Structures are given as C-alpha cells and as structure tokens.
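For reference, coords-v5.txt is printed below; it contains compact mmCIF, C-alpha atoms.
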```
# COMPACT_ATOMS: atom_id res chain seq x y z
CA MET M 298 66.86 114.84 140.42
CA ARG M 299 70.19 115.74 142.02
CA LEU M 300 71.89 115.90 138.62
CA TRP M 301 69.00 117.92 137.15
CA LEU M 302 69.23 120.43 140.01
CA PHE M 303 73.03 120.63 139.69
CA LEU M 304 72.80 121.37 135.97
CA ARG M 305 70.31 124.17 136.53
CA ILE M 306 72.55 125.78 139.15
CA TRP M 307 75.65 125.16 137.00
CA SER M 308 74.09 126.86 133.97
CA ALA M 309 72.87 129.80 136.02
CA LEU M 310 76.32 130.33 137.53
CA TRP M 311 78.00 130.23 134.13
CA HIS M 312 75.57 132.68 132.55
CA LEU M 313 75.80 135.07 135.47
CA GLY M 314 79.57 134.71 135.50
CA LEU M 315 80.22 135.24 131.79
CA PRO M 316 81.23 138.91 132.30
CA VAL M 317 83.68 137.76 134.96
CA VAL M 318 85.11 135.09 132.65
CA VAL M 319 85.56 137.60 129.83
CA ALA M 320 87.20 140.03 132.24
CA TYR M 321 89.50 137.23 133.41
CA LEU M 322 90.52 136.44 129.84
CA TRP M 323 91.18 140.13 129.21
CA TRP M 324 93.23 140.38 132.41
CA ARG M 325 95.29 137.30 131.54
CA GLY M 326 95.68 138.75 128.05
CA ARG M 327 97.73 141.61 129.45
CA LYS M 328 100.57 139.16 130.11
CA ASP M 329 99.76 136.67 127.37
CA PRO M 330 97.88 138.30 124.47
CA LEU M 331 96.73 134.93 123.13
CA TYR M 332 94.22 134.68 125.99
CA ALA M 333 92.26 137.57 124.50
CA ARG M 334 92.53 136.57 120.84
CA HIS M 335 89.94 134.60 118.85
CA LEU M 336 87.43 135.44 121.57
CA GLY M 337 84.51 134.44 119.38
CA GLU M 338 85.69 130.83 119.53
CA ARG M 339 85.05 130.85 123.28
CA PHE M 340 81.38 131.38 122.38
CA GLY M 341 81.34 128.67 119.70
CA ARG M 342 81.75 130.97 116.69
CA HIS M 343 83.73 129.22 113.95
CA ALA M 344 83.86 129.22 110.19
CA PRO M 345 82.08 126.05 109.04
CA ALA M 346 84.35 123.07 108.43
CA ASP M 347 83.99 119.82 106.52
CA PRO M 348 82.25 117.27 108.74
CA GLY M 349 83.82 114.11 110.08
CA ALA M 350 86.97 115.26 111.87
CA VAL M 351 88.12 113.69 115.13
CA TRP M 352 87.80 116.19 117.96
CA VAL M 353 90.55 116.06 120.61
CA HIS M 354 90.05 118.21 123.69
CA ALA M 355 93.41 118.91 125.37
CA VAL M 356 92.82 121.66 127.89
CA SER M 357 96.45 122.69 128.32
CA LEU M 358 100.07 121.84 127.56
CA GLY M 359 100.33 118.52 129.39
CA GLU M 360 97.15 117.13 127.89
CA LEU M 361 98.15 118.18 124.39
CA ARG M 362 101.54 116.53 124.74
CA SER M 363 99.94 113.30 125.86
CA ALA M 364 97.69 113.46 122.77
CA VAL M 365 100.50 114.10 120.26
CA PRO M 366 101.35 110.45 119.46
CA LEU M 367 97.66 109.59 119.05
CA ILE M 368 97.00 112.61 116.82
CA HIS M 369 99.97 111.67 114.63
CA ALA M 370 98.61 108.13 114.34
CA LEU M 371 95.15 109.43 113.42
CA LEU M 372 96.66 111.72 110.79
CA ASP M 373 98.64 108.80 109.37
CA ARG M 374 95.40 106.94 108.73
CA GLY M 375 93.90 109.93 106.92
CA GLU M 376 91.79 111.53 109.65
CA ARG M 377 91.34 115.27 110.09
CA ILE M 378 91.69 116.69 113.60
CA VAL M 379 90.15 119.53 115.55
CA THR M 380 91.95 120.26 118.82
CA SER M 381 90.36 122.41 121.51
CA HIS M 382 92.18 124.12 124.39
CA PHE M 383 91.55 126.51 127.24
CA THR M 384 95.09 127.78 127.87
CA PRO M 385 97.51 129.43 125.41
CA ALA M 386 100.18 126.87 126.34
CA GLY M 387 98.12 124.03 124.91
CA ARG M 388 97.10 125.92 121.79
CA ARG M 389 100.65 127.14 121.08
CA GLU M 390 102.01 123.61 121.39
CA ALA M 391 99.40 122.34 118.94
CA GLU M 392 100.29 125.14 116.52
CA ARG M 393 103.99 124.34 116.88
CA VAL M 394 103.83 120.55 116.63
CA PHE M 395 101.25 120.42 113.82
CA ALA M 396 102.25 123.53 111.87
CA ALA M 397 102.51 121.65 108.57
CA GLU M 398 99.17 119.91 109.05
CA ILE M 399 97.49 123.20 110.03
CA ALA M 400 98.80 124.78 106.83
CA THR M 401 97.15 122.03 104.76
CA GLY M 402 93.88 122.09 106.72
CA ARG M 403 94.29 118.67 108.34
CA VAL M 404 94.55 120.05 111.90
CA ARG M 405 92.63 122.99 113.30
CA PRO M 406 93.34 124.21 116.86
CA VAL M 407 90.60 126.29 118.51
CA TRP M 408 89.48 127.46 121.93
CA VAL M 409 87.10 125.16 123.75
CA PRO M 410 83.67 126.80 124.12
CA LEU M 411 82.71 128.27 127.45
CA GLU M 412 80.49 125.99 129.48
CA THR M 413 77.09 126.90 128.01
CA SER M 414 74.75 124.76 125.92
CA TRP M 415 74.43 127.35 123.14
CA ALA M 416 78.20 127.81 122.75
CA TYR M 417 78.66 124.06 122.37
CA ALA M 418 75.71 123.83 119.98
CA ARG M 419 77.47 126.34 117.74
CA PHE M 420 80.73 124.39 118.04
CA PHE M 421 79.09 121.11 116.99
CA ARG M 422 77.20 122.76 114.12
CA ALA M 423 80.46 124.21 112.79
CA PHE M 424 82.58 121.04 113.00
CA ARG M 425 80.20 118.03 113.14
CA PRO M 426 82.98 115.69 114.40
CA LYS M 427 82.63 111.94 114.08
CA LEU M 428 83.77 111.45 117.70
CA GLY M 429 85.35 113.32 120.59
CA LEU M 430 88.29 112.41 122.79
CA VAL M 431 88.68 114.26 126.09
CA MET M 432 92.24 113.87 127.33
CA GLU M 433 92.74 112.76 130.93
CA ILE M 434 89.63 113.40 133.08
CA GLU M 435 88.08 116.71 132.09
CA ILE M 436 84.45 116.44 133.21
CA TRP M 437 82.45 119.39 131.85
CA PRO M 438 78.68 118.91 132.11
CA ARG M 439 77.63 121.02 129.12
CA MET M 440 80.36 119.50 126.95
CA ILE M 441 79.09 116.00 127.71
CA LEU M 442 75.40 116.82 127.31
CA ALA M 443 75.93 118.83 124.12
CA ALA M 444 77.94 115.97 122.59
CA ARG M 445 75.12 113.55 123.37
CA LYS M 446 72.56 115.91 121.88
CA ALA M 447 74.66 116.30 118.73
CA GLY M 448 75.12 112.53 118.43
CA VAL M 449 78.90 112.73 118.90
CA PRO M 450 80.37 109.78 120.89
CA LEU M 451 82.55 111.33 123.59
CA TYR M 452 85.28 109.23 125.18
CA LEU M 453 87.48 109.94 128.15
CA CYS M 454 90.92 109.22 126.68
CA ASN M 455 94.16 108.41 128.51
CA ALA M 456 91.85 108.52 131.49
CA GLN M 457 92.43 107.99 135.16
CA TYR M 458 90.20 108.36 138.20
CA PRO M 459 92.36 109.47 141.16
CA SER M 460 91.56 108.05 144.58
CA ASP M 461 90.99 111.49 146.12
CA SER M 462 88.50 112.35 143.37
CA MET M 463 86.63 109.12 144.02
CA ALA M 464 86.41 109.95 147.72
CA ARG M 465 84.98 113.41 146.99
CA ASP M 466 82.56 112.10 144.39
CA ALA M 467 81.16 109.49 146.76
CA ARG M 468 79.39 112.25 148.69
CA LEU M 469 77.39 113.75 145.81
CA GLY M 470 77.76 111.43 142.85
CA ILE M 471 77.54 114.22 140.26
CA ARG M 472 80.74 113.45 138.41
CA PRO M 473 80.08 109.68 138.21
CA ALA M 474 76.63 110.47 136.78
CA LEU M 475 78.23 112.65 134.12
CA MET M 476 80.88 110.04 133.30
CA ARG M 477 78.10 107.51 132.73
CA LEU M 478 76.77 109.83 130.02
CA CYS M 479 80.03 109.53 128.05
CA ALA M 480 80.31 106.91 125.33
CA GLY M 481 83.12 105.21 127.24
CA ALA M 482 86.60 105.47 128.73
CA LEU M 483 90.03 104.55 127.39
CA VAL M 484 91.96 104.12 130.64
CA LYS M 485 95.56 103.84 131.73
CA SER M 486 95.56 100.62 133.77
CA ASP M 487 93.53 97.70 135.10
CA LEU M 488 93.11 99.54 138.41
CA GLN M 489 91.66 102.54 136.60
CA ALA M 490 89.30 100.26 134.67
CA GLN M 491 88.01 98.88 137.97
CA ARG M 492 87.44 102.39 139.30
CA PHE M 493 85.49 103.57 136.27
CA ALA M 494 83.45 100.37 136.29
CA SER M 495 82.66 100.85 139.98
CA VAL M 496 80.79 104.09 139.20
CA GLY M 497 78.85 102.62 136.30
CA VAL M 498 80.89 103.45 133.21
CA THR M 499 80.16 100.53 130.90
CA THR M 500 82.38 100.78 127.80
CA ILE M 501 85.96 100.62 129.09
CA HIS M 502 89.19 99.74 127.29
CA VAL M 503 92.57 99.47 129.04
CA THR M 504 94.85 101.25 126.58
CA GLY M 505 97.75 102.43 128.76
CA GLU M 506 99.50 105.78 129.12
CA LEU M 507 99.96 107.70 125.86
CA ARG M 508 102.84 109.74 127.28
CA PHE M 509 105.08 106.68 127.01
CA ASP M 510 104.71 107.00 123.22
CA GLN M 511 105.26 110.73 122.88
CA PRO M 512 108.12 111.79 120.57
CA ILE M 513 111.30 113.18 122.07
CA PRO M 514 112.63 116.34 120.35
CA GLN M 515 116.07 115.34 119.14
CA ASP M 516 117.22 118.95 118.80
CA HIS M 517 116.71 119.38 122.55
CA LEU M 518 118.82 116.30 123.27
CA ALA M 519 121.54 117.48 120.89
CA ALA M 520 121.62 120.92 122.51
CA ALA M 521 121.81 119.40 125.99
CA GLY M 522 124.63 117.10 124.95
CA ARG M 523 126.55 120.03 123.49
CA LEU M 524 126.04 122.34 126.47
CA ARG M 525 126.26 119.88 129.38
CA PRO M 526 130.10 119.94 129.48
CA GLY M 527 129.91 123.69 130.10
CA LEU M 528 128.32 122.99 133.48
CA GLY M 529 131.54 121.31 134.60
CA PRO M 530 132.08 117.97 136.36
CA ARG M 531 129.47 118.62 139.06
CA ARG M 532 126.31 116.50 139.17
CA VAL M 533 123.20 118.19 137.84
CA ILE M 534 119.93 118.00 139.79
CA ALA M 535 116.72 119.16 138.11
CA PHE M 536 113.74 120.46 140.08
CA ALA M 537 111.14 120.16 137.32
CA SER M 538 107.54 121.45 137.13
CA VAL M 539 107.83 123.31 140.43
CA THR M 540 104.46 124.72 141.51
CA GLU M 541 104.08 128.03 143.32
CA PRO M 542 103.38 126.48 146.78
CA GLU M 543 106.59 124.44 146.45
CA GLU M 544 108.93 127.25 145.51
CA GLU M 545 110.15 128.00 149.03
CA LEU M 546 110.71 124.30 149.73
CA PHE M 547 112.76 123.78 146.57
CA ILE M 548 114.75 126.98 146.95
CA ALA M 549 115.63 125.95 150.52
CA ALA M 550 116.56 122.46 149.27
CA ALA M 551 118.74 124.01 146.55
CA GLN M 552 120.55 126.13 149.13
CA GLU M 553 121.17 123.06 151.30
CA LEU M 554 122.43 121.06 148.34
CA LEU M 555 124.78 123.89 147.40
CA SER M 556 126.28 123.82 150.88
CA VAL M 557 127.70 120.26 150.63
CA ARG M 558 131.38 119.60 149.98
CA THR M 559 130.89 118.96 146.25
CA PRO M 560 127.73 120.87 145.37
CA PRO M 561 125.68 120.01 142.30
CA VAL M 562 124.37 122.39 139.67
CA ILE M 563 120.64 122.94 140.14
CA LEU M 564 118.16 123.28 137.26
CA PHE M 565 115.10 125.07 138.67
CA ILE M 566 112.12 124.84 136.28
CA PRO M 567 108.87 126.48 137.43
CA ARG M 568 105.62 124.97 136.20
CA ALA M 569 103.94 128.26 135.23
CA PRO M 570 105.58 130.95 133.06
CA GLU M 571 104.09 133.73 135.20
CA ARG M 572 106.33 132.50 138.04
CA PHE M 573 109.62 132.94 136.15
CA ASP M 574 110.29 136.50 137.31
CA ALA M 575 109.03 135.87 140.85
CA VAL M 576 111.36 132.89 141.26
CA ALA M 577 114.27 134.92 139.88
CA GLN M 578 113.56 137.59 142.49
CA ARG M 579 113.44 134.99 145.27
CA LEU M 580 116.73 133.43 144.19
CA ALA M 581 118.35 136.85 144.09
CA ALA M 582 116.95 137.74 147.53
CA LYS M 583 118.41 134.50 148.95
CA GLY M 584 121.83 135.32 147.53
CA VAL M 585 121.83 132.31 145.20
CA LEU M 586 124.25 132.54 142.28
CA PHE M 587 121.95 131.88 139.32
CA ASP M 588 121.48 132.55 135.65
CA ARG M 589 118.40 132.37 133.44
CA ARG M 590 118.01 130.19 130.40
CA SER M 591 116.90 133.29 128.46
CA THR M 592 120.15 135.12 129.21
CA ARG M 593 122.57 132.21 129.13
CA PHE M 594 121.44 130.71 125.78
CA ASP M 595 119.72 132.17 122.76
CA ARG M 596 116.64 130.61 121.18
CA SER M 597 118.74 128.18 119.14
CA PHE M 598 120.59 127.10 122.32
CA ALA M 599 123.81 128.91 121.38
CA GLN M 600 125.61 129.94 124.55
CA ARG M 601 125.92 133.68 125.03
CA SER M 602 126.97 133.85 128.69
CA GLU M 603 129.52 131.90 130.69
CA ALA M 604 128.95 133.67 134.00
CA PRO M 605 129.53 131.46 137.06
CA MET M 606 126.31 129.98 138.40
CA ASP M 607 124.99 127.38 140.82
CA VAL M 608 121.37 127.45 139.60
CA LEU M 609 120.00 127.68 136.07
CA LEU M 610 116.45 129.04 136.09
CA GLY M 611 114.46 127.40 133.31
CA ASP M 612 112.41 130.39 132.14
CA SER M 613 111.14 128.90 128.88
CA LEU M 614 108.22 126.80 127.69
CA GLY M 615 108.27 123.61 125.67
CA GLU M 616 111.91 122.79 126.46
CA MET M 617 111.54 120.29 129.28
CA TYR M 618 113.49 117.60 127.45
CA PHE M 619 116.42 120.02 127.08
CA TYR M 620 116.60 120.51 130.84
CA LEU M 621 116.00 116.86 131.68
CA ALA M 622 118.67 115.69 129.26
CA MET M 623 121.28 117.75 131.14
CA ALA M 624 120.25 116.34 134.53
CA ASP M 625 121.66 113.35 136.38
CA ARG M 626 118.49 112.94 138.44
CA VAL M 627 115.16 114.71 138.53
CA VAL M 628 112.81 115.82 141.29
CA VAL M 629 109.33 116.24 139.79
CA GLY M 630 107.22 118.91 141.43
CA GLY M 631 103.56 118.99 142.34
CA GLY M 632 103.73 116.11 144.80
CA PHE M 633 104.78 118.26 147.74
CA GLN M 634 101.43 120.07 147.81
CA PRO M 635 97.87 118.72 147.93
CA LYS M 636 96.99 118.99 144.23
CA GLY M 637 99.38 116.17 143.34
CA SER M 638 102.46 115.38 141.31
CA HIS M 639 103.18 116.12 137.67
CA ASN M 640 104.33 113.75 134.95
CA ILE M 641 107.32 111.46 135.61
CA ILE M 642 107.37 109.82 132.19
CA GLU M 643 109.52 112.44 130.42
CA PRO M 644 112.56 111.96 132.72
CA LEU M 645 112.10 108.19 132.69
CA ALA M 646 112.08 108.26 128.88
CA LEU M 647 115.57 109.79 129.09
CA LYS M 648 116.70 107.14 131.61
CA LYS M 649 116.84 109.65 134.47
CA PRO M 650 116.15 108.51 138.06
CA VAL M 651 113.10 110.33 139.42
CA LEU M 652 112.00 111.48 142.87
CA VAL M 653 108.43 112.49 143.70
CA GLY M 654 106.66 113.86 146.75
CA PRO M 655 104.02 112.24 148.96
CA GLN M 656 101.02 113.30 146.83
CA ILE M 657 101.03 111.07 143.75
CA GLN M 658 97.29 110.54 143.33
CA THR M 659 97.36 112.47 140.05
CA ILE M 660 99.97 110.12 138.59
CA GLU M 661 99.01 106.97 140.48
CA TYR M 662 99.71 105.18 137.25
CA PRO M 663 102.58 104.88 136.47
CA ALA M 664 104.09 106.23 139.72
CA ALA M 665 103.13 103.22 141.85
CA GLU M 666 104.57 100.85 139.25
CA ALA M 667 107.74 102.94 138.86
CA ILE M 668 108.29 103.04 142.61
CA ALA M 669 107.81 99.27 142.82
CA ALA M 670 110.29 98.80 139.95
CA GLY M 671 112.89 100.90 141.79
CA VAL M 672 113.19 103.55 139.06
CA CYS M 673 111.34 106.22 141.06
CA ARG M 674 111.61 107.14 144.73
CA GLN M 675 108.84 108.66 146.79
CA THR M 676 110.17 111.09 149.37
CA SER M 677 108.95 113.84 151.69
CA ALA M 678 109.78 117.48 152.28
CA GLU M 679 111.80 116.46 155.35
CA ARG M 680 113.82 113.80 153.49
CA LEU M 681 114.11 115.55 150.14
CA VAL M 682 117.75 116.63 150.36
CA ALA M 683 118.88 113.37 151.96
CA ASP M 684 117.23 111.32 149.22
CA VAL M 685 118.52 113.54 146.42
CA LEU M 686 122.03 113.00 147.74
CA GLY M 687 121.78 109.44 149.02
CA TRP M 688 119.39 107.40 146.89
CA PRO M 689 121.46 104.97 144.77
CA ASP M 690 120.93 105.42 141.04
CA PRO M 691 118.87 102.65 139.44
CA ALA M 692 120.52 101.01 136.45
CA PRO M 693 119.69 102.67 133.11
CA GLU M 694 118.71 99.22 131.84
CA ALA M 695 116.04 98.99 134.55
CA ILE M 696 114.54 102.30 133.46
CA THR M 697 114.65 101.23 129.80
CA ALA M 698 112.89 97.97 130.62
CA PHE M 699 110.23 99.81 132.61
CA THR M 700 109.39 102.30 129.84
CA ALA M 701 109.40 99.55 127.19
CA ALA M 702 106.97 97.47 129.24
CA HIS M 703 104.50 100.37 129.45
CA SER M 704 104.68 101.64 125.86
CA GLY M 705 102.20 100.92 123.06
CA ALA M 706 99.17 102.91 124.26
CA THR M 707 98.73 104.58 120.85
CA THR M 708 98.24 101.25 119.08
CA ARG M 709 95.82 100.01 121.72
CA THR M 710 93.82 103.26 121.60
CA LEU M 711 93.49 103.10 117.81
CA ARG M 712 92.37 99.49 118.07
CA ALA M 713 89.65 100.46 120.55
CA LEU M 714 88.48 103.35 118.34
CA GLU M 715 88.63 101.42 115.05
CA PRO M 716 84.89 100.62 114.87
CA LEU M 717 83.99 104.29 115.32
CA LEU M 718 86.63 105.55 112.90
CA THR M 719 85.51 103.23 110.11
CA SER M 720 81.74 103.23 110.60
CA ARG M 721 80.96 106.94 111.02
```
The structure in this file should be written as structure tokens.
Amino acid sequence: MRLWLFLRIWSALWHLGLPVVVAYLWWRGRKDPLYARHLGERFGRHAPADPGAVWVHAVSLGELRSAVPLIHALLDRGERIVTSHFTPAGRREAERVFAAEIATGRVRPVWVPLETSWAYARFFRAFRPKLGLVMEIEIWPRMILAARKAGVPLYLCNAQYPSDSMARDARLGIRPALMRLCAGALVKSDLQAQRFASVGVTTIHVTGELRFDQPIPQDHLAAAGRLRPGLGPRRVIAFASVTEPEEELFIAAAQELLSVRTPPVILFIPRAPERFDAVAQRLAAKGVLFDRRSTRFDRSFAQRSEAPMDVLLGDSLGEMYFYLAMADRVVVGGGFQPKGSHNIIEPLALKKPVLVGPQIQTIEYPAAEAIAAGVCRQTSAERLVADVLGWPDPAPEAITAFTAAHSGATTRTLRALEPLLTSR
C-alpha cells in the first residue's frame, strides 16, 4: 500500500512538473545547447529500431565511463547497444567513444525518457531491448515498472548500496521495494551483495568494479609526458573533481601549499564545467598566479603559452587522465562535503597516490580496501595540507598490485549475463 501510494504521488508530481522540467532543459540549453536538442526523445519518441539490443542506462559522464569496457565487450560478441543518458556529458562521451559503432548502427545514444509510464512505453516499443543494465544505483520507479511491463529484465549493474542510503531507506522502504522489482543486481563486492540481499534482492552476482577495466587514453598520457617537463622540477598536486561546496577549501589549501619553501604546482580541476569561469574569477580575486588549460594548450595539447603560473585550471571535459598523468599525487574531491567522494580508480590506474575526504560512502568500495592497502589516505579539511605535504608515497608496485587484484569485472559481468544474452 505504501508503494502504491508513493507511485500515485510520484506520477502526479511528474505530470504536474513537466512544464518545469522542459523549462529547466531550455534554461540549461542556453549554456549547453545539447540539453535542448532531441527533445522528443525525452518523451520516448524514437524512430523504430531492430529489436534485441542491450540497453545500457548511464545517466552521466561517470556512469558512461564505467560502462565503456562492458559495452566494448558486448560489441565484441556481436551485440547491438542502446545507451540512454540524462546529461550532455554522458551523451557526448558515448558519441565520442563509440563514434565508429554509431556510424555503423551498432550503438545508438539517446536521452532517457522522463519519468512517466507513457514515455517509457514509447521507448520500449521503439527499441524492444533484450535486457537493460542500469549503471550504479539509479532507482527510477517508472523505469523499473515499465521494464517489467515490457518483459525486459532490468539489472542494477556495477551496483553499490551506500550505508547512508540504507539508513534513509530503512524509514520508508520505498527504494528497497523498487529494487526487489528489478531482475537482479551485479554488485561491486561481497559487502554490497550482503546489503542488497538484506533488503530482499534475490538474484545477486558479485562482479567487481568495472572502472578498474576502463581503457586509458594513450594520447592523454603521451601529451602529459611531453608537457610535464614544462612545469619545472616542482612537485605537481592535482585537486581533481572539485565540487562547488569544496572550492573555497581547495583554493585556501592551494594558497597554503604555495606558501611553503618549495611550493608545488597545483592542478585545479572542477567537477562541473559551469564552474570553470567562477573558479577562475575566485583564483584571480585571491591573487593566485594561474593559467587555464584552454589558454595554455590548444585542443591537440600543443603549448601556446609559457606564462609563469602556480595553478593550472583544468577547464576541459574528458581529459582527466591528462591532468592525472602530470600529477605526483591526487586529492579527489567530493569527500569534503556530505554528498560523498568521487572516483579514485583513475589516479590509482596511473599509479598515483590518492587522498580522499571523510565522506567516502559513495565509493565505499574500493576506497576502504585502498585505504587498508596503504595506497589511499583518508584525511580531513583540517589535515588536508599537512597530509598532502607529509604523507609518504606508497610504492608504485603496491598500487599496481592493488589495481591488478581488483580488475576483471567485465569478464565476470559477461559471465553473469551469458544466459540472458544467449537465450533471448
């Protein structure tokens, strides 16, 4: 009864709010025109496609990147893929990574339908996928119910159930009820399997973290190797995926780091592109000597400015490996505010020591294991500068061993999906 009542209220709110959602997309489209393009897809309007594709829902950039190795593996075995996204960042990355497959019709990126039963009904009539994979833990009631109605097995993939989410869900139980309606969960660790089982999810496979298998763009590494000497002999500290609430903290930390006897070079990489200009204004107001990636290097990473700088502002998308490859150690943002830390796997894949904040519930796996292995350090706002300067570097071999031990999620995921891929 509680779930039934929630769904009625949920549907009413979405239908009443559709004008607001469309206005929001139009407003966001002023800065990023892609938000306002292909608007019909948001309402489930698509040209009919051949049935039987694998549907991968990757809401934004991070989820799409985690899905890349799995999508490549599915393509290698002859599957066709439909990817759905909510943000332009996720859709653009799909269009970039799978450009050749899109041209031949093997991959088709689209907007995810808005959360209404009729929009999803149109989506499923157009694509008729053999199964759906929802990356991470995107729990959308109408998505789940529409998939069941259409007979499409829907799996939570690369899934985790953070401890803070479990605590919130214990009060109402709506999300656990919806997760029980999924066909199953492909989870990151044994602990996550226990958590999903504790709320009644029955079909669970421990497959690991797909991000350990994601490809590393070699052109980014080559560019970093070529340009790193231009930063001089100073150490390079990257503040990566900095969220808006953390900007003041990290700018203050950068200023303190620049005041030591032998100051490092700081790479300051905001999480959201709409923050690039605001961060530049804050750095300028603080009197920090900085340059922007967009003015210092052209799109092919050729250097066009050699102006002195203490901070390089990473005002680009899709180039995280370029920044990380130039760094000697990396502070990953998100963990110094309540929503939780962002991905630590990319710097670890490049053998970079990583520091995170107190809030790691969003990356509980593999952060807890990385901290225990000594390749990641959990710090606080008060100790951030001291730990950046004083934490001894773990051996590169230790980081290599850690990432090797946690790789292979793509193979395990395909093994779990094999019965569905061959029988439908």
Practice problem: Quote the spacing between atom CA of M:Gln491 and atom CA of M:Pro366 in Å to one decimal place. | Solution: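 Interatomic distance, atom CA of M:Gln491 to atom CA of M:Pro366: 25.6 Å.
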Within 8 Å of (119.8, 116.6, 127.3) in the file's own coordinates, which protein, DNA or RNA residues have an atom, counting all atoms listed in the file? List them as a PDB file with C-alpha atoms, keeping the file's coordinate frame.
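This went into out_0.pdb:
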```pdb
ATOM      1  CA  HIS M 517     116.710 119.380 122.550  1.00  0.00           C
ATOM      2  CA  LEU M 518     118.820 116.300 123.270  1.00  0.00           C
ATOM      3  CA  ALA M 519     121.540 117.480 120.890  1.00  0.00           C
ATOM      4  CA  ALA M 520     121.620 120.920 122.510  1.00  0.00           C
ATOM      5  CA  ALA M 521     121.810 119.400 125.990  1.00  0.00           C
ATOM      6  CA  GLY M 522     124.630 117.100 124.950  1.00  0.00           C
ATOM      7  CA  ARG M 525     126.260 119.880 129.380  1.00  0.00           C
ATOM      8  CA  TYR M 618     113.490 117.600 127.450  1.00  0.00           C
ATOM      9  CA  PHE M 619     116.420 120.020 127.080  1.00  0.00           C
ATOM     10  CA  TYR M 620     116.600 120.510 130.840  1.00  0.00           C
ATOM     11  CA  LEU M 621     116.000 116.860 131.680  1.00  0.00           C
ATOM     12  CA  ALA M 622     118.670 115.690 129.260  1.00  0.00           C
ATOM     13  CA  MET M 623     121.280 117.750 131.140  1.00  0.00           C
ATOM     14  CA  ALA M 624     120.250 116.340 134.530  1.00  0.00           C
TER      15      ALA M 624
END
```
Exercise. Go through M:Ile660, M:Leu718, M:Ala701, M:Ile548 and flag the residue nearest M:Pro426, using all atoms listed in the file for the distances.
Key: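 Between M:Ile660, M:Leu718, M:Ala701, M:Ile548, the residue approaching M:Pro426 most closely is M:Leu718.
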Quiz item: What's the 9 Å shell around stretch 317-330 of chain M, counting all atoms listed in the file, without same-chain residues fewer than 6 positions away, as a list of chain:residue names?
Solution: M:Trp311, M:Leu336, M:Pro385, M:Leu411, M:Glu571
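Residues in contact with M:Leu304 at up to 10 Å, not including ones fewer than 6 positions away on its chain and judged by all atoms listed in the file, are Met298, Leu310, Pro438, Arg439 and Ile471 of chain M.
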Only C-alpha atoms, please: the residues just picked out, written as a JSON list (two decimals), keeping the file's coordinate frame.
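See result-v7.json below for the written result:
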```json
[["chain", "number", "residue", "atom", "x", "y", "z"],
["M", 298, "MET", "CA", 66.86, 114.84, 140.42],
["M", 310, "LEU", "CA", 76.32, 130.33, 137.53],
["M", 438, "PRO", "CA", 78.68, 118.91, 132.11],
["M", 439, "ARG", "CA", 77.63, 121.02, 129.12],
["M", 471, "ILE", "CA", 77.54, 114.22, 140.26]]
```
For stretch 416-495 of chain M versus stretch 501-505 of chain M, which residues have an atom no more than 6 Å away, and what is each residue's nearest atom pair and distance in Å rounded to one decimal, using all atoms listed in the file, chain-then-number order, as a Markdown table?
```
| residue | atom | partner | partner_atom | distance |
| --- | --- | --- | --- | --- |
| M:Gly481 | CA | M:Ile501 | CA | 5.7 |
| M:Ala482 | CA | M:Ile501 | CA | 4.9 |
| M:Leu483 | CA | M:His502 | CA | 4.9 |
| M:Val484 | CA | M:Val503 | CA | 5.0 |
| M:Lys485 | CA | M:Gly505 | CA | 4.0 |
| M:Ser486 | CA | M:Val503 | CA | 5.7 |
```
Quiz item: By how many Å are atom CA of M:Arg674 and atom CA of M:Thr559 apart?
Solution: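 Answer for the atom CA of M:Arg674 to atom CA of M:Thr559 separation: 22.7 Å.
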Quiz item: Within 10 Å of M:Glu679, counting only C-alpha atoms, which residues qualify if same-chain residues fewer than 4 places away don't, as number ranges by chain?
Solution: M: 546, 550, 683-684
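Atom pair atom CA of M:Ala604 / atom CA of M:Arg558 has a distance of 21.4 Å (rounded to one decimal).
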Self-check item: Which of M:Ala355, M:Ala418, M:Val562, M:Val653 sits closest to M:Arg342 [using all atoms listed in the file]
Solution: M:Ala418
The centre and edge lengths of an axis-aligned box containing all atoms of stretch 406-423 of chain M present in the file, extended by 3 Å on each side, are to be given in Å to one decimal, as lines of an AutoDock Vina configuration file.
```
center_x = 83.9
center_y = 124.7
center_z = 121.1
size_x = 24.9
size_y = 13.2
size_z = 22.7
```
Mind listing whatever residues come within 6 Å of the point (95.1, 115.7, 142.9)? Use only C-alpha atoms, file coordinates, and give them as a compact mmCIF listing (two decimals) with C-alpha atoms, keeping the file's coordinate frame.
```txt
# COMPACT_ATOMS: atom_id res chain seq x y z
CA LYS M 636 96.99 118.99 144.23
CA GLY M 637 99.38 116.17 143.34
CA GLN M 658 97.29 110.54 143.33
CA THR M 659 97.36 112.47 140.05
```
Self-check item: Residue with smallest distance to M:Arg508 - pool M:Val351, M:Val651, M:Val628, M:Leu361, counting all atoms listed in the file
Solution: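 Looking at the shortest contact to M:Arg508, the residue is M:Leu361.
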Please provide as a compact mmCIF listing (two decimals) with C-alpha atoms, in the coordinates of the input all residues within 6 Å of M:Ile566, with the sequence filter that same-chain residues fewer than 5 positions apart are discarded (counting all atoms listed in the file).
```
# COMPACT_ATOMS: atom_id res chain seq x y z
CA ALA M 537 111.14 120.16 137.32
CA SER M 538 107.54 121.45 137.13
CA GLY M 611 114.46 127.40 133.31
```
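Nearest to M:Val539 of all the residues M:Asp607, M:Glu433, M:Asp510, M:Asp612 is M:Asp612, counting only C-alpha atoms.
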As a short mmCIF file (atom, residue, chain, number, x, y, z; two decimals), in the frame of the given file, could you write out stretch 328-338 of chain M once it has been completed with N, CA and C atoms?
```cif
data_model
loop_
_atom_site.label_atom_id
_atom_site.label_comp_id
_atom_site.auth_asym_id
_atom_site.auth_seq_id
_atom_site.Cartn_x
_atom_site.Cartn_y
_atom_site.Cartn_z
N LYS M 328 99.26 139.81 130.06
CA LYS M 328 100.57 139.16 130.11
C LYS M 328 100.77 138.22 128.93
N ASP M 329 99.68 137.57 128.51
CA ASP M 329 99.76 136.67 127.37
C ASP M 329 98.64 137.03 126.41
N PRO M 330 98.94 137.79 125.36
CA PRO M 330 97.88 138.30 124.47
C PRO M 330 97.01 137.22 123.85
N LEU M 331 97.52 135.98 123.77
CA LEU M 331 96.73 134.93 123.13
C LEU M 331 95.44 134.64 123.90
N TYR M 332 95.44 134.89 125.21
CA TYR M 332 94.22 134.68 125.99
C TYR M 332 93.05 135.48 125.41
N ALA M 333 93.32 136.67 124.95
CA ALA M 333 92.26 137.57 124.50
C ALA M 333 92.01 137.51 123.00
N ARG M 334 92.72 136.68 122.28
CA ARG M 334 92.53 136.57 120.84
C ARG M 334 91.51 135.48 120.50
N HIS M 335 90.93 135.58 119.32
CA HIS M 335 89.94 134.60 118.85
C HIS M 335 88.82 134.42 119.88
N LEU M 336 88.40 135.52 120.48
CA LEU M 336 87.43 135.44 121.57
C LEU M 336 86.11 134.82 121.12
N GLY M 337 85.75 135.02 119.87
CA GLY M 337 84.51 134.44 119.38
C GLY M 337 84.47 132.93 119.50
N GLU M 338 85.65 132.28 119.40
CA GLU M 338 85.69 130.83 119.53
C GLU M 338 85.24 130.38 120.92
#
```
